[in-house]
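Below is work_8.cif, which holds mmCIF, C-alpha atoms and all ligand atoms.
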data_run
loop_
_atom_site.group_PDB
_atom_site.id
_atom_site.type_symbol
_atom_site.label_atom_id
_atom_site.label_comp_id
_atom_site.auth_asym_id
_atom_site.auth_seq_id
_atom_site.Cartn_x
_atom_site.Cartn_y
_atom_site.Cartn_z
ATOM 1 C CA MET F 1 -9.756 66.664 117.035
ATOM 2 C CA GLU F 2 -10.463 66.178 120.731
ATOM 3 C CA GLU F 3 -13.608 67.429 122.440
ATOM 4 C CA SER F 4 -11.555 69.905 124.419
ATOM 5 C CA SER F 5 -9.827 71.603 121.449
ATOM 6 C CA LYS F 6 -10.690 75.255 121.054
ATOM 7 C CA VAL F 7 -11.340 77.183 117.912
ATOM 8 C CA VAL F 8 -10.630 80.882 117.504
ATOM 9 C CA VAL F 9 -11.527 82.641 114.270
ATOM 10 C CA LEU F 10 -9.602 85.832 113.513
ATOM 11 C CA LEU F 11 -11.933 88.106 111.570
ATOM 12 C CA GLY F 12 -11.114 91.504 110.127
ATOM 13 C CA PRO F 13 -10.200 93.374 106.950
ATOM 14 C CA PRO F 14 -7.061 92.658 104.923
ATOM 15 C CA GLY F 15 -4.304 94.457 106.804
ATOM 16 C CA ALA F 16 -5.963 94.041 110.226
ATOM 17 C CA GLY F 17 -3.023 91.956 111.442
ATOM 18 C CA LYS F 18 -4.731 88.552 111.490
ATOM 19 C CA GLY F 19 -1.620 86.799 110.170
ATOM 20 C CA THR F 20 0.727 88.585 112.572
ATOM 21 C CA GLN F 21 -1.460 87.993 115.609
ATOM 22 C CA GLY F 22 -2.209 84.411 114.573
ATOM 23 C CA ALA F 23 1.531 83.702 114.426
ATOM 24 C CA LEU F 24 2.107 85.331 117.835
ATOM 25 C CA LEU F 25 -0.735 83.315 119.346
ATOM 26 C CA THR F 26 0.526 79.981 118.023
ATOM 27 C CA SER F 27 4.111 80.684 119.012
ATOM 28 C CA SER F 28 3.070 81.096 122.649
ATOM 29 C CA THR F 29 0.458 78.336 122.938
ATOM 30 C CA ASN F 30 0.111 74.708 121.986
ATOM 31 C CA SER F 31 -1.965 75.335 118.890
ATOM 32 C CA ARG F 32 -1.933 75.734 115.134
ATOM 33 C CA HIS F 33 -2.478 78.715 112.879
ATOM 34 C CA ILE F 34 -4.534 77.998 109.791
ATOM 35 C CA SER F 35 -4.348 80.772 107.208
ATOM 36 C CA THR F 36 -6.411 79.968 104.130
ATOM 37 C CA GLY F 37 -4.403 82.626 102.254
ATOM 38 C CA ASP F 38 -1.210 80.686 103.089
ATOM 39 C CA LEU F 39 -2.845 77.354 102.222
ATOM 40 C CA PHE F 40 -3.759 78.748 98.810
ATOM 41 C CA ARG F 41 -0.397 80.426 98.191
ATOM 42 C CA ASN F 42 1.254 77.061 98.948
ATOM 43 C CA ALA F 43 -1.240 75.232 96.729
ATOM 44 C CA VAL F 44 -0.517 77.636 93.857
ATOM 45 C CA GLU F 45 3.207 77.113 94.329
ATOM 46 C CA ALA F 46 2.790 73.323 94.406
ATOM 47 C CA LYS F 47 0.414 73.459 91.401
ATOM 48 C CA THR F 48 -2.192 71.267 93.099
ATOM 49 C CA PRO F 49 -5.693 71.151 91.525
ATOM 50 C CA ALA F 50 -7.016 73.568 94.174
ATOM 51 C CA GLY F 51 -4.015 75.828 93.584
ATOM 52 C CA MET F 52 -4.678 75.868 89.865
ATOM 53 C CA ARG F 53 -8.301 76.865 90.433
ATOM 54 C CA ALA F 54 -7.335 79.540 92.967
ATOM 55 C CA GLU F 55 -4.420 81.169 91.163
ATOM 56 C CA SER F 56 -6.242 83.816 89.148
ATOM 57 C CA CYS F 57 -8.457 84.715 92.145
ATOM 58 C CA LEU F 58 -5.438 85.288 94.345
ATOM 59 C CA ARG F 59 -3.754 87.425 91.739
ATOM 60 C CA SER F 60 -6.794 89.626 91.141
ATOM 61 C CA GLY F 61 -7.976 89.756 94.766
ATOM 62 C CA GLN F 62 -11.241 87.908 94.106
ATOM 63 C CA LEU F 63 -12.479 85.353 96.562
ATOM 64 C CA VAL F 64 -11.712 81.755 95.779
ATOM 65 C CA PRO F 65 -15.051 79.929 95.188
ATOM 66 C CA ASP F 66 -16.638 78.646 98.404
ATOM 67 C CA GLU F 67 -16.584 75.005 97.309
ATOM 68 C CA VAL F 68 -12.838 75.107 96.671
ATOM 69 C CA VAL F 69 -12.174 76.812 100.013
ATOM 70 C CA LEU F 70 -14.390 74.410 101.926
ATOM 71 C CA HIS F 71 -12.775 71.409 100.305
ATOM 72 C CA VAL F 72 -9.276 72.598 101.216
ATOM 73 C CA VAL F 73 -10.210 73.437 104.815
ATOM 74 C CA GLU F 74 -12.040 70.178 105.338
ATOM 75 C CA GLU F 75 -9.182 68.161 103.925
ATOM 76 C CA TYR F 76 -6.738 70.003 106.144
ATOM 77 C CA LEU F 77 -8.838 69.540 109.286
ATOM 78 C CA VAL F 78 -9.333 65.859 108.703
ATOM 79 C CA LYS F 79 -5.608 65.274 108.196
ATOM 80 C CA ALA F 80 -4.222 67.546 110.890
ATOM 81 C CA SER F 81 -3.646 66.453 114.458
ATOM 82 C CA SER F 82 -5.946 67.645 117.206
ATOM 83 C CA CYS F 83 -5.111 70.838 119.057
ATOM 84 C CA ASP F 84 -6.429 74.353 119.498
ATOM 85 C CA SER F 85 -6.761 76.204 116.199
ATOM 86 C CA TYR F 86 -6.559 79.831 115.125
ATOM 87 C CA PHE F 87 -8.259 80.345 111.780
ATOM 88 C CA ASP F 88 -7.135 83.370 109.815
ATOM 89 C CA GLY F 89 -8.947 84.455 106.667
ATOM 90 C CA PHE F 90 -11.666 81.843 107.027
ATOM 91 C CA PRO F 91 -14.638 81.917 107.026
ATOM 92 C CA ARG F 92 -15.067 84.851 104.697
ATOM 93 C CA THR F 93 -18.593 84.373 103.363
ATOM 94 C CA ARG F 94 -21.931 83.471 104.917
ATOM 95 C CA ARG F 95 -21.906 80.118 103.158
ATOM 96 C CA GLN F 96 -18.413 79.321 104.452
ATOM 97 C CA ALA F 97 -19.505 80.276 107.978
ATOM 98 C CA GLU F 98 -22.573 78.040 107.860
ATOM 99 C CA ARG F 99 -20.657 75.098 106.470
ATOM 100 C CA PHE F 100 -17.900 75.661 109.038
ATOM 101 C CA ASP F 101 -20.471 75.494 111.865
ATOM 102 C CA GLU F 102 -21.737 72.196 110.451
ATOM 103 C CA LEU F 103 -18.246 70.815 110.057
ATOM 104 C CA LEU F 104 -17.231 71.711 113.615
ATOM 105 C CA GLU F 105 -20.386 70.150 114.939
ATOM 106 C CA ARG F 106 -19.728 67.006 112.958
ATOM 107 C CA ILE F 107 -16.222 66.617 114.354
ATOM 108 C CA GLY F 108 -17.413 67.320 117.885
ATOM 109 C CA LEU F 109 -16.609 70.986 118.352
ATOM 110 C CA GLY F 110 -18.822 74.008 118.606
ATOM 111 C CA LEU F 111 -17.491 77.223 117.074
ATOM 112 C CA THR F 112 -15.946 78.861 120.032
ATOM 113 C CA VAL F 113 -14.668 82.437 119.783
ATOM 114 C CA VAL F 114 -14.554 84.894 116.898
ATOM 115 C CA LEU F 115 -12.091 87.681 117.471
ATOM 116 C CA TYR F 116 -12.944 90.675 115.345
ATOM 117 C CA ILE F 117 -9.854 92.827 114.841
ATOM 118 C CA SER F 118 -10.980 96.259 113.699
ATOM 119 C CA VAL F 119 -8.860 98.830 111.869
ATOM 120 C CA PRO F 120 -10.047 101.802 109.796
ATOM 121 C CA ASP F 121 -9.775 101.525 105.998
ATOM 122 C CA ASP F 122 -6.967 104.104 105.741
ATOM 123 C CA GLU F 123 -4.832 102.233 108.220
ATOM 124 C CA ALA F 124 -5.513 98.890 106.499
ATOM 125 C CA LEU F 125 -4.559 100.316 103.088
ATOM 126 C CA ASN F 126 -1.368 101.870 104.482
ATOM 127 C CA ARG F 127 -0.311 98.583 106.012
ATOM 128 C CA LEU F 128 -0.973 96.672 102.771
ATOM 129 C CA ALA F 129 1.062 99.206 100.816
ATOM 130 C CA LEU F 130 3.963 98.708 103.237
ATOM 131 C CA ARG F 131 3.643 94.915 103.139
ATOM 132 C CA GLY F 132 3.793 94.904 99.351
ATOM 133 C CA ARG F 133 2.700 91.322 98.629
ATOM 134 C CA ASN F 134 1.935 90.835 94.927
ATOM 135 C CA ASP F 135 -1.818 91.209 95.591
ATOM 136 C CA ASP F 136 -1.249 94.405 97.587
ATOM 137 C CA SER F 137 -1.061 96.894 94.686
ATOM 138 C CA VAL F 138 -3.221 99.964 95.349
ATOM 139 C CA ASP F 139 -6.090 98.830 93.103
ATOM 140 C CA THR F 140 -6.134 95.201 94.227
ATOM 141 C CA ALA F 141 -5.878 96.165 97.899
ATOM 142 C CA ARG F 142 -8.804 98.594 97.506
ATOM 143 C CA TYR F 143 -10.796 95.907 95.717
ATOM 144 C CA ARG F 144 -10.116 93.350 98.479
ATOM 145 C CA LEU F 145 -11.133 95.863 101.120
ATOM 146 C CA ASP F 146 -14.404 96.617 99.296
ATOM 147 C CA LEU F 147 -15.072 92.905 98.993
ATOM 148 C CA TYR F 148 -14.410 92.540 102.698
ATOM 149 C CA HIS F 149 -16.998 95.228 103.499
ATOM 150 C CA SER F 150 -19.665 93.758 101.272
ATOM 151 C CA VAL F 151 -19.160 90.013 101.728
ATOM 152 C CA THR F 152 -17.227 89.324 104.933
ATOM 153 C CA GLU F 153 -18.255 92.132 107.276
ATOM 154 C CA PRO F 154 -21.836 90.797 107.592
ATOM 155 C CA LEU F 155 -20.300 87.858 109.487
ATOM 156 C CA ILE F 156 -19.816 90.226 112.429
ATOM 157 C CA ASP F 157 -23.604 90.247 112.929
ATOM 158 C CA TYR F 158 -23.819 86.524 112.253
ATOM 159 C CA TYR F 159 -21.346 85.754 115.031
ATOM 160 C CA GLU F 160 -22.694 88.432 117.343
ATOM 161 C CA GLU F 161 -26.096 86.782 117.136
ATOM 162 C CA ALA F 162 -24.442 83.452 117.912
ATOM 163 C CA GLY F 163 -22.964 85.074 121.043
ATOM 164 C CA VAL F 164 -19.340 84.281 120.152
ATOM 165 C CA LEU F 165 -18.031 87.641 118.958
ATOM 166 C CA VAL F 166 -15.210 89.432 120.792
ATOM 167 C CA ARG F 167 -14.082 92.824 119.477
ATOM 168 C CA VAL F 168 -10.556 94.115 119.687
ATOM 169 C CA ASP F 169 -9.050 97.394 118.530
ATOM 170 C CA GLY F 170 -6.347 96.495 115.976
ATOM 171 C CA VAL F 171 -4.713 99.929 115.889
ATOM 172 C CA GLY F 172 -1.361 100.150 117.639
ATOM 173 C CA ALA F 173 1.971 98.350 117.771
ATOM 174 C CA GLU F 174 1.951 94.570 117.222
ATOM 175 C CA ASP F 175 2.794 93.930 120.894
ATOM 176 C CA THR F 176 0.137 96.309 122.129
ATOM 177 C CA VAL F 177 -2.535 94.614 120.055
ATOM 178 C CA PHE F 178 -1.218 91.201 121.118
ATOM 179 C CA ASP F 179 -1.518 92.198 124.801
ATOM 180 C CA ARG F 180 -5.130 93.237 124.232
ATOM 181 C CA ILE F 181 -5.900 89.961 122.480
ATOM 182 C CA ARG F 182 -4.179 87.869 125.116
ATOM 183 C CA SER F 183 -6.163 89.402 127.925
ATOM 184 C CA LEU F 184 -9.482 89.179 126.077
ATOM 185 C CA LEU F 185 -8.874 85.508 125.340
ATOM 186 C CA ALA F 186 -7.504 84.748 128.805
ATOM 187 C CA GLU F 187 -10.640 86.217 130.416
ATOM 188 C CA ARG F 188 -12.596 83.573 128.532
ATOM 189 C CA ASP F 189 -10.127 80.752 129.255
ATOM 190 C CA PHE F 190 -9.018 80.794 125.642
ATOM 191 C CA TYR F 191 -5.395 81.659 126.192
ATOM 192 C CA GLU F 192 -3.107 79.169 127.915
ATOM 193 C CA PRO F 193 0.522 80.070 127.226
ATOM 194 C CA THR F 194 3.045 77.244 127.262
ATOM 195 C CA TYR F 195 5.647 79.421 128.997
HETATM 196 P P1 LIG F 201 -5.627 89.239 103.448
HETATM 197 O O1 LIG F 201 -5.880 88.960 104.898
HETATM 198 O O2 LIG F 201 -4.658 90.361 103.251
HETATM 199 O O3 LIG F 201 -6.869 89.398 102.649
HETATM 200 P P2 LIG F 201 -5.171 86.433 102.822
HETATM 201 O O4 LIG F 201 -3.837 85.797 102.817
HETATM 202 O O5 LIG F 201 -6.113 86.090 103.934
HETATM 203 O O6 LIG F 201 -4.879 87.993 102.783
HETATM 204 O O7 LIG F 201 -5.931 86.114 101.454
HETATM 205 C C1 LIG F 201 -5.332 86.262 100.196
HETATM 206 C C2 LIG F 201 -6.262 85.786 99.094
HETATM 207 O O8 LIG F 201 -6.532 84.380 99.255
HETATM 208 C C3 LIG F 201 -7.631 86.437 99.049
HETATM 209 O O9 LIG F 201 -7.617 87.669 98.350
HETATM 210 C C4 LIG F 201 -8.443 85.345 98.307
HETATM 211 O O10 LIG F 201 -8.184 85.354 96.907
HETATM 212 C C5 LIG F 201 -7.868 84.053 98.859
HETATM 213 N N1 LIG F 201 -8.606 83.563 100.064
HETATM 214 C C6 LIG F 201 -8.061 83.370 101.299
HETATM 215 N N2 LIG F 201 -8.998 82.912 102.159
HETATM 216 C C7 LIG F 201 -10.151 82.820 101.464
HETATM 217 C C8 LIG F 201 -11.481 82.419 101.791
HETATM 218 N N3 LIG F 201 -11.806 82.006 103.027
HETATM 219 N N4 LIG F 201 -12.427 82.473 100.823
HETATM 220 C C9 LIG F 201 -12.128 82.858 99.585
HETATM 221 N N5 LIG F 201 -10.914 83.257 99.204
HETATM 222 C C10 LIG F 201 -9.910 83.240 100.121
#

Represent the structure of the file as structure tokens.
Amino acid sequence: MEESSKVVVLLGPPGAGKGTQGALLTSSTNSRHISTGDLFRNAVEAKTPAGMRAESCLRSGQLVPDEVVLHVVEEYLVKASSCDSYFDGFPRTRRQAERFDELLERIGLGLTVVLYISVPDDEALNRLALRGRNDDSVDTARYRLDLYHSVTEPLIDYYEEAGVLVRVDGVGAEDTVFDRIRSLLAERDFYEPTY
């Protein structure tokens, strides 16, 4: 990765729209979208060792163990070409966040912006029910949301203290939310559309 590459972490509950907004951001900029959920779903499909370890966690909505996640992300980052990156679904625990900081420092990048997309629980659960992925059943979705509140939400304070947190209201149409995100990132020189 080059010195000048930027890193944006999309943080928020399941159903916040991280995947949707990450895809919109990469389609309009010269960048990549790294969804750990997608990396794991692909690994499960391909029956890789990491996929085999992650499979039951994905199905039940548990978090994949930190060491497995960190290994997969590190491997991906080392292999992938250098450009701006939108991380979606990572980091999700304090340990992942700390190790991510170390990793970015090691490869010559500071953690740059964390975009916290907020949506109320009811809205998140409604969206998951509509999406209907196989880990979106009512019980599993509720479980993932609870896990988000207890394990991932504390990262908001972690990143606020680091001075890199940007909050955005995730309620509204996809385009409306995208417009909000674009202007928040552009204000900080983090959004450079290719058209
Ligand atoms: P959502 O945003 O709806 O939670 P994801 O695609 O981000 O969906 O994640 C799906 C599943 O993948 C999670 O429930 C978890 O099992 C696993 N997973 C993804 N990212 C991580 C991570 N950073 N740490 C641990 N588990 C993860």

Show me which residues sit within 6 Å of ligand LIG 201 (chain F) when counting only C-alpha atoms and all ligand atoms, and put them as a list in words. Pro14, Gly15, Thr36, Gly37, Asp38, Cys57, Leu58, Gly61, Gln62, Leu63, Val64, Val69, Gly89, Phe90, Pro91 and Arg92 of chain F

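Shortest atom-to-atom contact with Thr20 in chain F among F:Tyr86, F:Tyr191, F:Tyr159, F:Phe40: F:Tyr86, counting only C-alpha atoms.
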
Could you give me, as a ChimeraX atom specification, the residues within 10 Å of range 97-100 of chain F, counting only C-alpha atoms and dropping anything in the same chain fewer than 5 positions from it? /F:66,70,73-74,90-92,105-106,110-111,152,155,158-159

Could you list, as a ChimeraX atom specification, every residue matched by the PyMOL selection byres (((chain F and resi 170) around 7) and not hetatm) in this structure? /F:16,117-119,168-169,171-172,177

When the PyMOL selection byres (((chain F and resi 179) around 12) and not hetatm) is applied to the file above, which residues end up in the set, as an mmCIF file with C-alpha atoms, in the coordinates of the input?
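Now in out.cif:
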data_model
loop_
_atom_site.group_PDB
_atom_site.id
_atom_site.type_symbol
_atom_site.label_atom_id
_atom_site.label_comp_id
_atom_site.auth_asym_id
_atom_site.auth_seq_id
_atom_site.Cartn_x
_atom_site.Cartn_y
_atom_site.Cartn_z
ATOM 1 C CA GLN F 21 -1.460 87.993 115.609
ATOM 2 C CA LEU F 24 2.107 85.331 117.835
ATOM 3 C CA LEU F 25 -0.735 83.315 119.346
ATOM 4 C CA VAL F 168 -10.556 94.115 119.687
ATOM 5 C CA ASP F 169 -9.050 97.394 118.530
ATOM 6 C CA GLY F 170 -6.347 96.495 115.976
ATOM 7 C CA GLY F 172 -1.361 100.150 117.639
ATOM 8 C CA ALA F 173 1.971 98.350 117.771
ATOM 9 C CA GLU F 174 1.951 94.570 117.222
ATOM 10 C CA ASP F 175 2.794 93.930 120.894
ATOM 11 C CA THR F 176 0.137 96.309 122.129
ATOM 12 C CA VAL F 177 -2.535 94.614 120.055
ATOM 13 C CA PHE F 178 -1.218 91.201 121.118
ATOM 14 C CA ARG F 180 -5.130 93.237 124.232
ATOM 15 C CA ILE F 181 -5.900 89.961 122.480
ATOM 16 C CA ARG F 182 -4.179 87.869 125.116
ATOM 17 C CA SER F 183 -6.163 89.402 127.925
ATOM 18 C CA LEU F 184 -9.482 89.179 126.077
ATOM 19 C CA LEU F 185 -8.874 85.508 125.340
ATOM 20 C CA ALA F 186 -7.504 84.748 128.805
ATOM 21 C CA TYR F 191 -5.395 81.659 126.192
#

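All polymer residues at most 7 Å from (-12.2, 92.2, 106.1), using all atoms listed in the file, appear as Leu11, Gly12, Pro13, Pro14, Leu145, Tyr148, His149, Thr152 and Glu153 of chain F.
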
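CA of His71 in chain F sits 20.3 Å away from CA of Arg59 in chain F.
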
Among listed residues F:Val68, F:Ala23, F:Ser60, F:Tyr116, nearest Ala141 in chain F (using only C-alpha atoms): F:Ser60

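Distances from F:Asp146, F:Val166, F:Lys18, F:Glu45 to Arg188 in chain F were compared using only C-alpha atoms, and the smallest one belongs to F:Val166.
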
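With CA of Asp136 in chain F on one side and CA of Asp157 in chain F on the other, the separation reads 27.4 Å.
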
Let me have the centre and edge lengths in Å, one decimal, of the box along x, y and z around every listed atom of range 169-184 of chain F with 6 Å of margin on each side, as AutoDock Vina command-line options.
--center_x -3.3 --center_y 94.0 --center_z 121.9 --size_x 24.3 --size_y 24.3 --size_z 24.0

For Asn134 in chain F, which of F:Lys47, F:Ser5, F:Gly108, F:Arg41 is the closest residue, counting all atoms listed in the file? F:Arg41

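Interatomic distance, CA of Ser27 in chain F against CA of Val72 in chain F: 23.7 Å.
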
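Comparing the minimum interatomic distances between Val44 in chain F and each of F:Ser56, F:Leu103, F:Pro193, F:Arg144, counting all atoms listed in the file, we find that F:Ser56 sits nearest.
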
Nearest candidate to Arg95 in chain F (options F:Ala43, F:Glu67, F:Asp121, F:Gly17; using only C-alpha atoms): F:Glu67

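Non-sequential neighbours of Val8 in chain F (distance at most 7 Å, separation of 5 or more positions within a chain, only C-alpha atoms) are Ser85, Tyr86, Phe87, Thr112, Val113, Val114 and Leu115 of chain F.
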